[in-house]
Every structure is written in structure tokens, then in C-alpha cells.
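> Dropping a structure here in C-alpha cells format, bear with me for questions.
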Amino acid sequence: MLPQHVEKADAAWAGAFPALSALEPDAQAVLRAQGVRMTVPRGTVLFRIGSLCHNFLMLLDGTVRVQMTAETGREIVLYRVGAGETCILTTACLMTRADYSAEGVAETDLEAIALGAGAFHELLARSAVFRDFVFASFGTRLLGMMMLVEEVAFGRIDLRLARFLVDHRDARGGLDTTHQTLAVELGTAREVVSRQLKEFERRGFVELSRGRVGVRDPDALLALERTDGV
């Protein structure tokens, strides 16, 4: 259940969603009248597997993590929704009136405009601009999901882990993370990640400490893509 709204949606969406700048006047009126500007604290579960979808969220600020958990307890991050984006799963559930098949968690404090299911369907039917916006967002995210499936099904874990470590380094040249968190990000088992990290450490690519992975040689990690790997 989402927290209570703070105020009615104002013109904030115009800057966050440039694709809606040409929204028809009557569609703008619907969005302003029925859209609700909300603040959501970090850690809030926005939706769970099996729950109904009641709102179309247009994120103004913050990040939502969408993930799945298998019966075995194994988790995988499907994608993240950032400022100026919408959630493909929410869109799919609203259009098909199906329950959620994954979980969405506020990874940071959020600001968003929530549009009720009725208003969403009204805009989808009446506004060509809104319709194009929804389907363009859906298509872009779908391509990303297909790439994730390809990586999980066919990609080598050493290359994927190496790329993730390099791409997500902080200013100190590493990541404050755990082996389990990395396993969730990559859709594999913690033991697999731990084994690969220890091999990277043996080769001098990373430095491991409790709750942190230091990236000592990012060039060597990236070079794995151009070699036979570990």
C-alpha cells in the first residue's frame, strides 16, 4: 500500500517527462486533476507478487528496484526505475489487469506522480501523446529485459561480474556491497560469486574485505572480455 499523497500533481511532470511536453490540453487537465504527487520513504515495498496494481507511477526522483525471488530463495534484480521513467511491470499489469509477478522496493526516498488505473486507461484511450509515451517506455524497458535474459541464460559469470564491478565503482574505487547482494544483481548463487571474487583477488584484480570489494585493476577486469577469461 502506497503512503498517503502529499498534494495534487502540479506541472512537475513537464520537466521530468519531456515526451509529455506536447500533451493535449484535455489530457493535461486529466493528469493535473487526477494525478497525485507522492513522497515514499526508502525501503517501502511498492508492490508484491500477487498484488493488484492500482496506480501508474511516474517517477520524479529516486530509484525503485524491481526483483523476483524463487521458491528456493534465490533472488534476481530485473531492473531499476529512475527519475523520468515508469515501470514496465506496472504498465503490463494495468493493461492486462493481471497481478504483479515481482516485487518493487523503494531503493531511495521517492517522489512520484501516481495516476489511478481509471485515469491511466482514460489517457491511454484519449491521448496519442500519452499513448506514445507509455509504449515507448514499455518498448525500451522490454529490450533491456531481453538483454538481461540473454546474459543470465548465456553470459559467463566472470565477465558479467567483472563488468558490474567496474561499472559500479564509487569514488574510492570499489563497492560497499556483499557477495549475496552481488549474486542478486547477477541472478546467480552467492557461492558462485564468492568463488569468482576469490579468483579475482588471487589474480590481483580486486581486494576483498568485510562488506567491500575494492577494484585494484579495472583494466584487467575489462580485458577479460577480450581474452579467454579465467
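Numbering starts fresh at 1 for the residues of each chain in the C-alpha cells, the chains themselves are lettered A, B, ... in the order given, and ligands are numbered from 1 as they appear.
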Need the shell around Val206 in chain A: protein/DNA/RNA residues with any atom at most 7 Å away, counting only C-alpha atoms. Skip same-chain ones fewer than 6 positions apart. Format as a list in words?

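Non-adjacent residues within range: Phe200, Val213, Gly214, Val215, Arg216 and Asp217 of chain A.
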
> For Arg48 in chain A, which of A:Cys87, A:Ala92, A:Ile76, A:Val105 is the closest residue, counting only C-alpha atoms?

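Counting only C-alpha atoms, the residue closest to Arg48 in chain A is A:Val105.
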
> Enumerate, in order of chain and increasing residue number, the residues of range 117-147 of chain A with an atom no farther than 12 Å from range 31-37 of chain A, each with its shortest atom pair and distance in Å to one decimal, counting only C-alpha atoms, as a tab-separated table.


residue	atom	partner	partner_atom	distance
A:Ala117	CA	A:Gln34	CA	10.3
A:Gly118	CA	A:Gln34	CA	9.4
A:Ala119	CA	A:Gln34	CA	6.8
A:Phe120	CA	A:Leu31	CA	8.9
A:His121	CA	A:Leu31	CA	11.7
A:Glu122	CA	A:Leu31	CA	10.1
A:Leu123	CA	A:Leu31	CA	8.2
A:Leu124	CA	A:Leu31	CA	11.5
A:Ser127	CA	A:Leu31	CA	11.1
A:Phe130	CA	A:Leu31	CA	10.2

> Write out as a list in words which residues come within 9 Å of Leu222 in chain A when counting only C-alpha atoms, dropping same-chain ones fewer than 6 positions away.

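These residues fall inside the cut-off: Leu159, Ala162, Arg163 and Val166 of chain A.
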
> Closest to Leu59 in chain A among A:Thr96, A:Thr44, A:Thr188, A:Thr39, using only C-alpha atoms?

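Under the stated criterion, the closest residue is A:Thr39.
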